[in-house]
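target01.cif, holding mmCIF, C-alpha atoms:
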```
data_target
#
loop_
_atom_site.label_atom_id
_atom_site.label_comp_id
_atom_site.auth_asym_id
_atom_site.auth_seq_id
_atom_site.Cartn_x
_atom_site.Cartn_y
_atom_site.Cartn_z
CA MET A 1 -6.72 -22.73 6.99
CA ASN A 2 -9.57 -20.49 5.95
CA VAL A 3 -9.56 -16.72 6.37
CA ALA A 4 -11.85 -16.70 9.43
CA GLU A 5 -9.58 -19.20 11.20
CA ALA A 6 -6.42 -17.27 10.33
CA ILE A 7 -7.97 -14.07 11.70
CA LYS A 8 -8.96 -15.89 14.90
CA ASN A 9 -5.59 -17.63 15.30
CA ARG A 10 -3.25 -14.70 14.54
CA TYR A 11 -1.73 -13.23 17.69
CA SER A 12 1.22 -11.09 18.74
CA CYS A 13 3.99 -13.67 19.10
CA ARG A 14 6.70 -12.44 21.47
CA SER A 15 8.90 -15.55 21.70
CA TYR A 16 10.50 -17.40 18.78
CA LYS A 17 12.51 -20.55 18.10
CA ALA A 18 15.94 -20.04 16.53
CA GLU A 19 14.97 -22.52 13.77
CA PRO A 20 15.22 -20.81 10.36
CA VAL A 21 12.10 -20.02 8.33
CA PRO A 22 12.00 -22.42 5.35
CA GLU A 23 12.50 -20.53 2.09
CA GLU A 24 9.20 -21.67 0.56
CA LYS A 25 7.27 -20.41 3.59
CA LEU A 26 9.11 -17.09 3.55
CA LYS A 27 8.37 -16.76 -0.15
CA ARG A 28 4.63 -17.28 0.33
CA VAL A 29 4.62 -14.69 3.12
CA LEU A 30 6.38 -12.16 0.89
CA GLU A 31 4.05 -13.04 -1.99
CA ALA A 32 1.10 -12.11 0.25
CA ALA A 33 2.60 -8.61 0.56
CA ARG A 34 3.41 -8.42 -3.14
CA LEU A 35 -0.22 -9.12 -4.10
CA ALA A 36 -1.64 -6.53 -1.69
CA PRO A 37 -3.63 -3.66 -3.18
CA SER A 38 -2.25 -0.12 -2.95
CA ALA A 39 -3.84 3.24 -3.73
CA HIS A 40 -3.75 3.68 -7.53
CA ASN A 41 -1.69 0.46 -7.59
CA THR A 42 1.50 2.46 -7.10
CA GLN A 43 3.20 -0.29 -5.07
CA GLU A 44 5.57 2.32 -3.67
CA TRP A 45 7.00 -0.04 -1.11
CA LYS A 46 10.02 -2.09 -0.28
CA PHE A 47 10.39 -4.96 2.18
CA ILE A 48 13.76 -5.57 3.76
CA VAL A 49 14.24 -9.16 4.89
CA VAL A 50 16.70 -9.04 7.77
CA LYS A 51 18.32 -12.38 8.59
CA ASP A 52 21.77 -11.23 9.71
CA ALA A 53 21.96 -11.82 13.49
CA GLU A 54 23.93 -8.67 14.26
CA LYS A 55 21.54 -6.47 12.28
CA ARG A 56 18.54 -8.12 13.94
CA LYS A 57 20.00 -7.24 17.30
CA GLU A 58 20.54 -3.61 16.27
CA VAL A 59 17.00 -3.35 14.87
CA ALA A 60 15.57 -4.84 18.09
CA GLU A 61 17.56 -2.34 20.15
CA ALA A 62 16.23 0.56 18.08
CA ALA A 63 12.73 -0.77 18.74
CA GLY A 64 13.48 -1.14 22.44
CA GLN A 65 12.11 -4.70 22.36
CA SER A 66 14.78 -7.37 22.62
CA PHE A 67 12.46 -10.29 21.76
CA VAL A 68 12.35 -8.98 18.19
CA ALA A 69 15.95 -10.20 17.68
CA GLU A 70 14.97 -13.76 18.66
CA ALA A 71 13.03 -14.21 15.44
CA PRO A 72 15.24 -15.60 12.64
CA VAL A 73 13.72 -13.05 10.24
CA ILE A 74 12.63 -9.45 10.70
CA ILE A 75 10.79 -7.78 7.84
CA ALA A 76 11.06 -3.99 7.64
CA ALA A 77 8.29 -2.40 5.58
CA VAL A 78 9.30 0.86 3.91
CA GLY A 79 7.07 3.45 2.22
CA LEU A 80 8.64 5.17 -0.78
CA ASN A 81 6.01 7.91 -1.19
CA PRO A 82 5.53 9.34 2.30
CA ASP A 83 4.33 12.71 0.97
CA ASP A 84 1.33 11.44 -1.02
CA VAL A 85 -2.04 12.07 0.61
CA LEU A 86 -5.50 10.83 -0.45
CA SER A 87 -8.34 13.33 -0.85
CA SER A 88 -9.70 12.11 2.50
CA GLY A 89 -6.55 13.53 4.09
CA ILE A 90 -5.03 10.09 4.83
CA PRO A 91 -1.43 9.44 3.70
CA ASP A 92 -1.39 6.56 1.17
CA TYR A 93 1.79 4.89 2.29
CA ILE A 94 0.56 4.05 5.79
CA VAL A 95 -2.54 2.36 4.41
CA ASN A 96 -0.65 0.53 1.67
CA LEU A 97 1.99 -0.80 4.03
CA ALA A 98 -0.53 -1.69 6.76
CA VAL A 99 -2.48 -3.77 4.25
CA ALA A 100 0.64 -5.49 2.90
CA VAL A 101 1.89 -6.31 6.41
CA ASP A 102 -1.57 -7.50 7.45
CA HIS A 103 -1.56 -9.89 4.50
CA MET A 104 1.80 -11.20 5.70
CA THR A 105 0.58 -11.75 9.26
CA LEU A 106 -2.35 -13.82 8.02
CA GLN A 107 -0.28 -15.79 5.51
CA ALA A 108 2.29 -16.45 8.24
CA THR A 109 -0.49 -17.78 10.47
CA GLU A 110 -1.48 -20.15 7.67
CA GLU A 111 2.17 -21.28 7.47
CA GLY A 112 2.34 -21.99 11.22
CA LEU A 113 4.63 -19.00 11.74
CA GLY A 114 4.37 -16.29 14.36
CA THR A 115 4.53 -12.54 13.78
CA CYS A 116 4.13 -9.36 15.79
CA TRP A 117 3.26 -5.86 14.62
CA ILE A 118 6.00 -3.50 15.77
CA GLY A 119 5.01 0.12 15.27
CA ALA A 120 7.08 1.58 18.10
CA PHE A 121 10.72 2.23 17.20
CA SER A 122 13.17 5.01 16.55
CA GLN A 123 12.68 5.89 12.90
CA GLU A 124 16.13 7.47 12.81
CA LYS A 125 18.00 4.56 14.39
CA VAL A 126 16.44 1.75 12.34
CA LYS A 127 16.84 3.73 9.12
CA LYS A 128 20.53 4.04 9.89
CA VAL A 129 20.95 0.32 10.69
CA LEU A 130 19.22 -0.74 7.46
CA ALA A 131 20.57 2.07 5.23
CA ILE A 132 17.09 3.33 4.39
CA PRO A 133 17.31 6.61 2.46
CA GLU A 134 16.28 9.77 4.30
CA ASP A 135 13.23 10.46 2.08
CA TYR A 136 11.56 7.11 2.74
CA LYS A 137 9.57 6.13 5.77
CA LEU A 138 9.88 2.96 7.77
CA THR A 139 6.33 2.06 8.72
CA PHE A 140 6.51 -1.30 10.48
CA LEU A 141 8.83 -4.01 11.67
CA MET A 142 7.57 -7.58 11.68
CA PRO A 143 9.49 -10.43 13.33
CA LEU A 144 8.78 -13.78 11.67
CA GLY A 145 9.57 -17.28 12.90
CA PHE A 146 8.27 -20.42 14.51
CA PRO A 147 6.65 -19.62 17.88
CA ALA A 148 8.62 -20.87 20.89
CA GLY A 149 5.46 -21.61 22.87
CA ASN A 150 2.37 -23.52 21.85
CA GLY A 151 1.70 -21.21 18.92
CA LYS A 152 -1.47 -19.88 20.49
CA GLY A 153 -2.05 -16.42 21.87
CA ARG A 154 -4.05 -15.53 24.94
CA PRO A 155 -7.80 -15.34 24.36
CA LYS A 156 -8.53 -12.12 22.45
CA ILE A 157 -10.01 -9.31 24.51
CA ARG A 158 -12.26 -7.34 22.17
CA LYS A 159 -15.24 -5.03 22.39
CA SER A 160 -18.54 -6.62 21.37
CA LEU A 161 -20.01 -6.07 17.91
CA GLU A 162 -22.76 -3.99 19.57
CA GLU A 163 -20.14 -1.59 20.91
CA ILE A 164 -18.39 -1.01 17.60
CA ILE A 165 -21.19 -1.16 15.03
CA SER A 166 -23.92 1.33 14.27
CA TYR A 167 -26.44 1.46 11.45
CA ASP A 168 -26.92 4.20 8.85
CA LYS A 169 -25.36 6.85 11.07
CA PHE A 170 -22.71 7.15 13.76
CA MET B 171 -10.89 -20.77 1.01
CA ASN B 172 -7.39 -20.51 2.44
CA VAL B 173 -5.61 -17.22 3.09
CA ALA B 174 -3.36 -17.43 0.01
CA GLU B 175 -6.40 -17.97 -2.24
CA ALA B 176 -8.34 -15.11 -0.64
CA ILE B 177 -5.38 -12.78 -1.16
CA LYS B 178 -5.13 -13.88 -4.81
CA ASN B 179 -8.89 -13.64 -5.43
CA ARG B 180 -9.62 -10.31 -3.72
CA TYR B 181 -10.06 -7.47 -6.21
CA SER B 182 -11.59 -4.02 -6.40
CA CYS B 183 -15.21 -4.78 -7.27
CA ARG B 184 -16.86 -1.81 -9.01
CA SER B 185 -20.22 -3.33 -9.92
CA TYR B 186 -22.71 -4.96 -7.55
CA LYS B 187 -26.00 -6.84 -7.65
CA ALA B 188 -28.90 -5.24 -5.75
CA GLU B 189 -29.38 -8.55 -3.87
CA PRO B 190 -29.05 -7.96 -0.12
CA VAL B 191 -26.09 -9.32 1.82
CA PRO B 192 -27.34 -12.22 4.01
CA GLU B 193 -27.13 -11.30 7.68
CA GLU B 194 -24.87 -14.23 8.60
CA LYS B 195 -22.35 -13.23 5.92
CA LEU B 196 -22.42 -9.59 7.02
CA LYS B 197 -21.89 -10.69 10.60
CA ARG B 198 -18.81 -12.75 9.71
CA VAL B 199 -17.38 -9.81 7.78
CA LEU B 200 -17.90 -7.49 10.75
CA GLU B 201 -16.47 -10.13 13.09
CA ALA B 202 -13.28 -10.09 11.00
CA ALA B 203 -12.94 -6.38 11.79
CA ARG B 204 -13.82 -6.87 15.44
CA LEU B 205 -11.02 -9.42 15.91
CA ALA B 206 -8.38 -7.25 14.22
CA PRO B 207 -5.39 -6.17 16.30
CA SER B 208 -4.95 -2.50 17.19
CA ALA B 209 -2.03 -0.65 18.77
CA HIS B 210 -2.17 -1.32 22.53
CA ASN B 211 -5.49 -3.07 21.83
CA THR B 212 -7.33 0.25 22.15
CA GLN B 213 -9.97 -0.69 19.54
CA GLU B 214 -10.74 2.99 19.13
CA TRP B 215 -12.93 2.40 16.11
CA LYS B 216 -16.48 2.33 14.94
CA PHE B 217 -17.97 0.79 11.81
CA ILE B 218 -21.12 2.29 10.37
CA VAL B 219 -23.14 -0.18 8.32
CA VAL B 220 -25.06 1.87 5.77
CA LYS B 221 -27.98 0.08 4.15
CA ASP B 222 -30.41 2.96 3.67
CA ALA B 223 -30.58 3.61 -0.10
CA GLU B 224 -30.78 7.39 0.18
CA LYS B 225 -27.80 7.56 2.52
CA ARG B 226 -25.80 5.25 0.27
CA LYS B 227 -26.44 7.62 -2.60
CA GLU B 228 -25.29 10.61 -0.57
CA VAL B 229 -22.16 8.78 0.58
CA ALA B 230 -21.36 7.77 -3.00
CA GLU B 231 -21.79 11.36 -4.13
CA ALA B 232 -19.42 12.59 -1.44
CA ALA B 233 -16.92 10.03 -2.70
CA GLY B 234 -17.48 11.10 -6.30
CA GLN B 235 -17.94 7.46 -7.30
CA SER B 236 -21.52 6.54 -8.11
CA PHE B 237 -20.89 2.77 -8.28
CA VAL B 238 -20.43 2.80 -4.49
CA ALA B 239 -24.20 3.33 -4.08
CA GLU B 240 -24.93 0.16 -6.11
CA ALA B 241 -23.70 -2.03 -3.28
CA PRO B 242 -26.49 -2.94 -0.83
CA VAL B 243 -24.12 -2.18 2.06
CA ILE B 244 -21.44 0.45 2.55
CA ILE B 245 -19.25 0.19 5.64
CA ALA B 246 -17.73 3.43 6.91
CA ALA B 247 -14.68 2.88 9.14
CA VAL B 248 -14.18 5.63 11.71
CA GLY B 249 -11.13 6.28 13.89
CA LEU B 250 -11.92 7.63 17.36
CA ASN B 251 -8.36 8.58 18.35
CA PRO B 252 -7.01 10.54 15.37
CA ASP B 253 -4.49 12.42 17.52
CA ASP B 254 -2.57 9.38 18.85
CA VAL B 255 0.81 8.81 17.23
CA LEU B 256 3.21 5.86 17.63
CA SER B 257 6.85 6.52 18.53
CA SER B 258 7.71 5.81 14.87
CA GLY B 259 5.71 8.92 13.95
CA ILE B 260 2.83 6.95 12.41
CA PRO B 261 -0.74 7.75 13.56
CA ASP B 262 -2.27 4.63 15.17
CA TYR B 263 -5.77 5.06 13.86
CA ILE B 264 -4.85 4.75 10.21
CA VAL B 265 -3.01 1.49 10.83
CA ASN B 266 -5.73 0.09 13.06
CA LEU B 267 -8.50 0.86 10.61
CA ALA B 268 -6.51 -0.30 7.58
CA VAL B 269 -5.93 -3.67 9.24
CA ALA B 270 -9.58 -4.02 10.28
CA VAL B 271 -10.81 -3.14 6.79
CA ASP B 272 -8.25 -5.46 5.20
CA HIS B 273 -9.59 -8.29 7.36
CA MET B 274 -13.08 -7.48 6.08
CA THR B 275 -12.00 -7.51 2.42
CA LEU B 276 -10.48 -10.98 2.83
CA GLN B 277 -13.40 -12.36 4.84
CA ALA B 278 -15.79 -10.94 2.22
CA THR B 279 -13.80 -12.73 -0.49
CA GLU B 280 -14.23 -15.97 1.44
CA GLU B 281 -18.00 -15.25 1.58
CA GLY B 282 -18.22 -14.74 -2.19
CA LEU B 283 -18.79 -11.01 -1.68
CA GLY B 284 -17.10 -8.12 -3.46
CA THR B 285 -15.53 -5.07 -1.83
CA CYS B 286 -13.56 -2.03 -2.89
CA TRP B 287 -11.22 0.18 -0.86
CA ILE B 288 -12.46 3.75 -1.09
CA GLY B 289 -9.93 6.19 0.32
CA ALA B 290 -10.88 9.17 -1.81
CA PHE B 291 -13.84 11.17 -0.51
CA SER B 292 -14.74 14.47 1.05
CA GLN B 293 -14.16 13.96 4.77
CA GLU B 294 -16.47 16.85 5.54
CA LYS B 295 -19.36 15.74 3.34
CA VAL B 296 -19.44 12.08 4.41
CA LYS B 297 -19.11 13.02 8.07
CA LYS B 298 -22.16 15.23 7.69
CA VAL B 299 -24.21 12.53 5.91
CA LEU B 300 -23.41 9.94 8.58
CA ALA B 301 -23.46 12.28 11.59
CA ILE B 302 -19.85 11.48 12.50
CA PRO B 303 -18.65 13.80 15.29
CA GLU B 304 -16.13 16.47 14.35
CA ASP B 305 -13.29 15.00 16.45
CA TYR B 306 -13.34 11.62 14.76
CA LYS B 307 -11.82 10.70 11.44
CA LEU B 308 -13.42 8.74 8.65
CA THR B 309 -10.65 6.59 7.23
CA PHE B 310 -12.25 4.35 4.62
CA LEU B 311 -15.48 3.50 2.89
CA MET B 312 -16.04 -0.08 1.79
CA PRO B 313 -18.96 -1.11 -0.44
CA LEU B 314 -20.00 -4.72 0.14
CA GLY B 315 -22.25 -6.91 -1.97
CA PHE B 316 -22.46 -9.73 -4.47
CA PRO B 317 -20.42 -8.88 -7.58
CA ALA B 318 -22.51 -8.14 -10.66
CA GLY B 319 -19.96 -9.69 -13.00
CA ASN B 320 -18.19 -13.02 -12.78
CA GLY B 321 -16.72 -12.19 -9.36
CA LYS B 322 -13.21 -12.14 -10.71
CA GLY B 323 -10.99 -9.12 -11.12
CA ARG B 324 -8.58 -8.44 -13.95
CA PRO B 325 -5.23 -10.21 -13.60
CA LYS B 326 -3.23 -8.38 -10.95
CA ILE B 327 -0.45 -6.15 -12.22
CA ARG B 328 2.28 -6.20 -9.61
CA LYS B 329 6.01 -5.59 -9.37
CA SER B 330 8.11 -8.75 -9.08
CA LEU B 331 9.41 -9.96 -5.72
CA GLU B 332 12.91 -9.04 -6.92
CA GLU B 333 11.82 -5.43 -7.34
CA ILE B 334 10.33 -5.04 -3.89
CA ILE B 335 12.55 -7.20 -1.68
CA SER B 336 16.07 -6.59 -0.44
CA TYR B 337 18.12 -8.47 2.11
CA ASP B 338 19.65 -7.11 5.33
CA LYS B 339 19.68 -3.54 4.05
CA PHE B 340 17.67 -1.29 1.75
#
```
Take the structure in this file and express it as structure tokens.
Amino acid sequence: MNVAEAIKNRYSCRSYKAEPVPEEKLKRVLEAARLAPSAHNTQEWKFIVVKDAEKRKEVAEAAGQSFVAEAPVIIAAVGLNPDDVLSSGIPDYIVNLAVAVDHMTLQATEEGLGTCWIGAFSQEKVKKVLAIPEDYKLTFLMPLGFPAGNGKGRPKIRKSLEEIISYDKF
Amino acid sequence: MNVAEAIKNRYSCRSYKAEPVPEEKLKRVLEAARLAPSAHNTQEWKFIVVKDAEKRKEVAEAAGQSFVAEAPVIIAAVGLNPDDVLSSGIPDYIVNLAVAVDHMTLQATEEGLGTCWIGAFSQEKVKKVLAIPEDYKLTFLMPLGFPAGNGKGRPKIRKSLEEIISYDKF
């Protein structure tokens, strides 16, 4: 699957089969995160692969979205340098983790797996469930598994290029 | 080029040919941003395509990195909702724009084009050059063009999977 197709086909998958994710597919998804660029190549990140059913349930509860527990794998993306800020005023860790997780969503699409960006959750509760140290920041949760449906999302609703592009100035 | 290859081949390109970016390639790169997911699908973003040579020079100066002006195109990614924050405490716009720009870097790789994430710049100066309204936030600059060298980066230096992955807890 080429990049353009993966970008078109990726969607927020909210229903998963219980079927486990084959190890070689999981490894390629994690490799996509590992190879992601990070500001100054610090790689100040950790990815927790949650397979334990009880923990998945607790994580889903802390995110207030029960479907998350359906997926046989949840990946929790943790930033280890939440205090670093680029000269533009943007904190590094959010960018680094967003890029790494984006790589995983596209690689998962290539593998025939579904994912969903979960950015809404109780930081405090999930950190407790996964024993994430106080100083680190959980940035995203990403359920991963075979889609229960037809593996296709609804047609994407997006603004036109004309609405979002300008030339040489805002 | 499949997703795994694009992720492997993408690198921070710091030298560009003056040769213009063909319109159909530029369009596919912008389309990759347009199709990116955003929190609640708000798409609160704008992408400024800077081709004007004088403006590119001014942008590069404000980023303190002259090579940026070499690229025939610089894309400035602007967040229109910098005050929105997810329940996890993470500002939406940074995530949204990071994902959109990441899509562009991978699509550009597929097109044989080079890119570089530029997160270090004077917010104030670039906003002035590109007439970006005060309330919005410039998140990234991305030069885009044909690589001047062999189109390959140095071998990636990355932590091992063992170093960055844990299972079921941190």
Cut-off 7 Å: closest chain B/chain A atom pairs per residue, using all atoms listed in the file, as a Markdown table:
```
| residue | atom | partner | partner_atom | distance |
| --- | --- | --- | --- | --- |
| B:Met171 | CA | A:Asn2 | CA | 5.1 |
| B:Asn172 | CA | A:Asn2 | CA | 4.1 |
| B:Val173 | CA | A:Val3 | CA | 5.2 |
| B:Ala174 | CA | A:Gln107 | CA | 6.5 |
| B:Ile177 | CA | A:Ala32 | CA | 6.7 |
| B:Lys178 | CA | A:Leu35 | CA | 6.9 |
| B:Ala202 | CA | A:Ile7 | CA | 6.7 |
| B:Arg204 | CA | A:Leu161 | CA | 6.7 |
| B:Leu205 | CA | A:Arg158 | CA | 6.7 |
| B:Trp215 | CA | A:Ile164 | CA | 6.6 |
| B:Lys216 | CA | A:Ile164 | CA | 4.7 |
| B:Phe217 | CA | A:Ile165 | CA | 5.0 |
| B:Ile218 | CA | A:Ser166 | CA | 4.9 |
| B:Val219 | CA | A:Tyr167 | CA | 4.8 |
| B:Val220 | CA | A:Asp168 | CA | 4.3 |
| B:Lys221 | CA | A:Asp168 | CA | 6.3 |
| B:Asp222 | CA | A:Asp168 | CA | 6.4 |
| B:Leu256 | CA | A:Ala120 | CA | 5.8 |
| B:Ser257 | CA | A:Ala120 | CA | 5.0 |
| B:Ser258 | CA | A:Phe121 | CA | 5.2 |
| B:Ile264 | CA | A:Val95 | CA | 6.7 |
| B:Val265 | CA | A:Ala98 | CA | 5.7 |
| B:Ala268 | CA | A:Val95 | CA | 5.7 |
| B:Val269 | CA | A:Val99 | CA | 6.1 |
| B:Asp272 | CA | A:Val99 | CA | 6.1 |
| B:Leu276 | CA | A:Val3 | CA | 6.8 |
| B:Gln277 | CA | A:Val3 | CA | 6.0 |
| B:Glu280 | CA | A:Val3 | CA | 6.8 |
| B:Gly289 | CA | A:Ser88 | CA | 6.3 |
| B:Ala290 | CA | A:Ser87 | CA | 5.0 |
| B:Phe291 | CA | A:Ser88 | CA | 5.2 |
| B:Ser292 | CA | A:Ser88 | CA | 5.8 |
| B:Gln293 | CA | A:Ser88 | CA | 5.3 |
| B:Leu300 | CA | A:Lys169 | CA | 4.4 |
| B:Ala301 | CA | A:Phe170 | CA | 5.6 |
| B:Ile302 | CA | A:Phe170 | CA | 5.3 |
| B:Arg328 | CA | A:Leu35 | CA | 6.7 |
| B:Leu331 | CA | A:Arg34 | CA | 6.7 |
| B:Ile334 | CA | A:Lys46 | CA | 4.7 |
| B:Ile335 | CA | A:Phe47 | CA | 5.0 |
| B:Ser336 | CA | A:Ile48 | CA | 4.9 |
| B:Tyr337 | CA | A:Val49 | CA | 4.8 |
| B:Asp338 | CA | A:Val50 | CA | 4.3 |
| B:Lys339 | CA | A:Leu130 | CA | 4.4 |
| B:Phe340 | CA | A:Ile132 | CA | 5.4 |
```
Fit result for chain B on chain A over all paired C-alpha atoms, given as a short mmCIF file (atom, residue, chain, number, x, y, z; two decimals) with C-alpha atoms, in the frame of the given file:
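Result file is out-v4.cif:
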```
data_model
loop_
_atom_site.label_atom_id
_atom_site.label_comp_id
_atom_site.auth_asym_id
_atom_site.auth_seq_id
_atom_site.Cartn_x
_atom_site.Cartn_y
_atom_site.Cartn_z
CA MET B 171 -6.70 -22.74 6.99
CA ASN B 172 -9.56 -20.49 5.94
CA VAL B 173 -9.55 -16.71 6.37
CA ALA B 174 -11.85 -16.70 9.42
CA GLU B 175 -9.58 -19.21 11.21
CA ALA B 176 -6.42 -17.27 10.34
CA ILE B 177 -7.98 -14.08 11.70
CA LYS B 178 -8.97 -15.90 14.90
CA ASN B 179 -5.59 -17.63 15.30
CA ARG B 180 -3.27 -14.70 14.54
CA TYR B 181 -1.73 -13.23 17.69
CA SER B 182 1.22 -11.10 18.73
CA CYS B 183 3.99 -13.68 19.09
CA ARG B 184 6.71 -12.45 21.47
CA SER B 185 8.89 -15.55 21.68
CA TYR B 186 10.49 -17.41 18.77
CA LYS B 187 12.51 -20.55 18.11
CA ALA B 188 15.94 -20.04 16.53
CA GLU B 189 14.95 -22.51 13.77
CA PRO B 190 15.21 -20.81 10.37
CA VAL B 191 12.10 -20.02 8.34
CA PRO B 192 12.00 -22.42 5.34
CA GLU B 193 12.51 -20.52 2.10
CA GLU B 194 9.21 -21.67 0.56
CA LYS B 195 7.27 -20.40 3.59
CA LEU B 196 9.11 -17.07 3.55
CA LYS B 197 8.39 -16.75 -0.15
CA ARG B 198 4.65 -17.28 0.35
CA VAL B 199 4.62 -14.69 3.12
CA LEU B 200 6.38 -12.16 0.89
CA GLU B 201 4.05 -13.04 -1.99
CA ALA B 202 1.11 -12.10 0.25
CA ALA B 203 2.60 -8.61 0.56
CA ARG B 204 3.41 -8.41 -3.13
CA LEU B 205 -0.22 -9.11 -4.10
CA ALA B 206 -1.65 -6.53 -1.69
CA PRO B 207 -3.63 -3.64 -3.16
CA SER B 208 -2.24 -0.11 -2.95
CA ALA B 209 -3.84 3.25 -3.74
CA HIS B 210 -3.76 3.67 -7.54
CA ASN B 211 -1.70 0.46 -7.59
CA THR B 212 1.49 2.47 -7.10
CA GLN B 213 3.19 -0.28 -5.05
CA GLU B 214 5.56 2.33 -3.68
CA TRP B 215 7.00 -0.04 -1.11
CA LYS B 216 10.01 -2.08 -0.27
CA PHE B 217 10.38 -4.95 2.19
CA ILE B 218 13.76 -5.57 3.77
CA VAL B 219 14.24 -9.16 4.89
CA VAL B 220 16.71 -9.05 7.77
CA LYS B 221 18.33 -12.37 8.61
CA ASP B 222 21.78 -11.23 9.71
CA ALA B 223 21.96 -11.82 13.48
CA GLU B 224 23.93 -8.66 14.26
CA LYS B 225 21.55 -6.47 12.28
CA ARG B 226 18.55 -8.10 13.93
CA LYS B 227 20.01 -7.22 17.30
CA GLU B 228 20.54 -3.61 16.27
CA VAL B 229 17.01 -3.36 14.88
CA ALA B 230 15.58 -4.83 18.08
CA GLU B 231 17.56 -2.34 20.14
CA ALA B 232 16.23 0.55 18.08
CA ALA B 233 12.74 -0.78 18.75
CA GLY B 234 13.48 -1.15 22.45
CA GLN B 235 12.11 -4.70 22.36
CA SER B 236 14.78 -7.37 22.62
CA PHE B 237 12.45 -10.29 21.77
CA VAL B 238 12.33 -8.98 18.18
CA ALA B 239 15.93 -10.19 17.67
CA GLU B 240 14.94 -13.75 18.67
CA ALA B 241 13.04 -14.22 15.44
CA PRO B 242 15.25 -15.60 12.64
CA VAL B 243 13.72 -13.05 10.25
CA ILE B 244 12.62 -9.45 10.71
CA ILE B 245 10.79 -7.78 7.84
CA ALA B 246 11.06 -4.00 7.64
CA ALA B 247 8.27 -2.41 5.57
CA VAL B 248 9.30 0.85 3.91
CA GLY B 249 7.07 3.43 2.23
CA LEU B 250 8.65 5.17 -0.77
CA ASN B 251 6.02 7.91 -1.20
CA PRO B 252 5.54 9.35 2.30
CA ASP B 253 4.35 12.70 0.95
CA ASP B 254 1.33 11.43 -1.04
CA VAL B 255 -2.03 12.07 0.59
CA LEU B 256 -5.49 10.83 -0.45
CA SER B 257 -8.33 13.34 -0.87
CA SER B 258 -9.68 12.12 2.50
CA GLY B 259 -6.53 13.54 4.11
CA ILE B 260 -5.02 10.11 4.83
CA PRO B 261 -1.42 9.43 3.70
CA ASP B 262 -1.41 6.55 1.17
CA TYR B 263 1.78 4.91 2.30
CA ILE B 264 0.56 4.06 5.77
CA VAL B 265 -2.54 2.36 4.39
CA ASN B 266 -0.64 0.54 1.67
CA LEU B 267 1.99 -0.80 4.04
CA ALA B 268 -0.52 -1.69 6.75
CA VAL B 269 -2.49 -3.78 4.26
CA ALA B 270 0.63 -5.49 2.91
CA VAL B 271 1.88 -6.30 6.41
CA ASP B 272 -1.57 -7.50 7.46
CA HIS B 273 -1.56 -9.89 4.50
CA MET B 274 1.80 -11.20 5.71
CA THR B 275 0.57 -11.75 9.28
CA LEU B 276 -2.36 -13.83 8.02
CA GLN B 277 -0.29 -15.79 5.50
CA ALA B 278 2.30 -16.45 8.24
CA THR B 279 -0.49 -17.78 10.47
CA GLU B 280 -1.49 -20.16 7.69
CA GLU B 281 2.18 -21.28 7.49
CA GLY B 282 2.35 -22.01 11.22
CA LEU B 283 4.63 -19.01 11.74
CA GLY B 284 4.36 -16.29 14.37
CA THR B 285 4.52 -12.54 13.78
CA CYS B 286 4.13 -9.37 15.79
CA TRP B 287 3.25 -5.86 14.63
CA ILE B 288 5.99 -3.51 15.76
CA GLY B 289 5.01 0.12 15.28
CA ALA B 290 7.08 1.57 18.08
CA PHE B 291 10.72 2.23 17.19
CA SER B 292 13.17 5.01 16.56
CA GLN B 293 12.68 5.90 12.89
CA GLU B 294 16.12 7.46 12.80
CA LYS B 295 17.99 4.56 14.39
CA VAL B 296 16.43 1.75 12.34
CA LYS B 297 16.84 3.72 9.12
CA LYS B 298 20.53 4.04 9.88
CA VAL B 299 20.95 0.32 10.69
CA LEU B 300 19.22 -0.73 7.46
CA ALA B 301 20.58 2.06 5.23
CA ILE B 302 17.09 3.33 4.39
CA PRO B 303 17.31 6.62 2.46
CA GLU B 304 16.27 9.77 4.29
CA ASP B 305 13.23 10.45 2.07
CA TYR B 306 11.58 7.12 2.73
CA LYS B 307 9.57 6.13 5.76
CA LEU B 308 9.87 2.96 7.77
CA THR B 309 6.32 2.05 8.72
CA PHE B 310 6.50 -1.31 10.48
CA LEU B 311 8.82 -4.01 11.67
CA MET B 312 7.56 -7.58 11.68
CA PRO B 313 9.50 -10.44 13.32
CA LEU B 314 8.77 -13.79 11.67
CA GLY B 315 9.57 -17.27 12.92
CA PHE B 316 8.26 -20.43 14.51
CA PRO B 317 6.64 -19.64 17.87
CA ALA B 318 8.61 -20.86 20.87
CA GLY B 319 5.47 -21.62 22.86
CA ASN B 320 2.37 -23.52 21.84
CA GLY B 321 1.71 -21.18 18.91
CA LYS B 322 -1.46 -19.88 20.46
CA GLY B 323 -2.03 -16.42 21.86
CA ARG B 324 -4.04 -15.52 24.93
CA PRO B 325 -7.80 -15.34 24.34
CA LYS B 326 -8.51 -12.13 22.46
CA ILE B 327 -10.01 -9.31 24.50
CA ARG B 328 -12.25 -7.35 22.18
CA LYS B 329 -15.24 -5.02 22.39
CA SER B 330 -18.54 -6.61 21.37
CA LEU B 331 -20.02 -6.08 17.91
CA GLU B 332 -22.76 -4.00 19.57
CA GLU B 333 -20.14 -1.60 20.90
CA ILE B 334 -18.40 -1.01 17.60
CA ILE B 335 -21.20 -1.16 15.04
CA SER B 336 -23.93 1.34 14.28
CA TYR B 337 -26.44 1.44 11.45
CA ASP B 338 -26.92 4.20 8.86
CA LYS B 339 -25.37 6.85 11.09
CA PHE B 340 -22.71 7.15 13.78
#
```
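Taking atom CA of Gly149 of chain A as the reference point, atom CA of His210 of chain B is found at 21.7 Å.
Across the structure, atom CA of Asp254 of chain B and atom CA of Lys57 of chain A are spaced 28.1 Å apart.
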In Å and to one decimal, atom CA of Lys295 of chain B is distant from atom CA of Gly79 of chain A by 29.2 Å
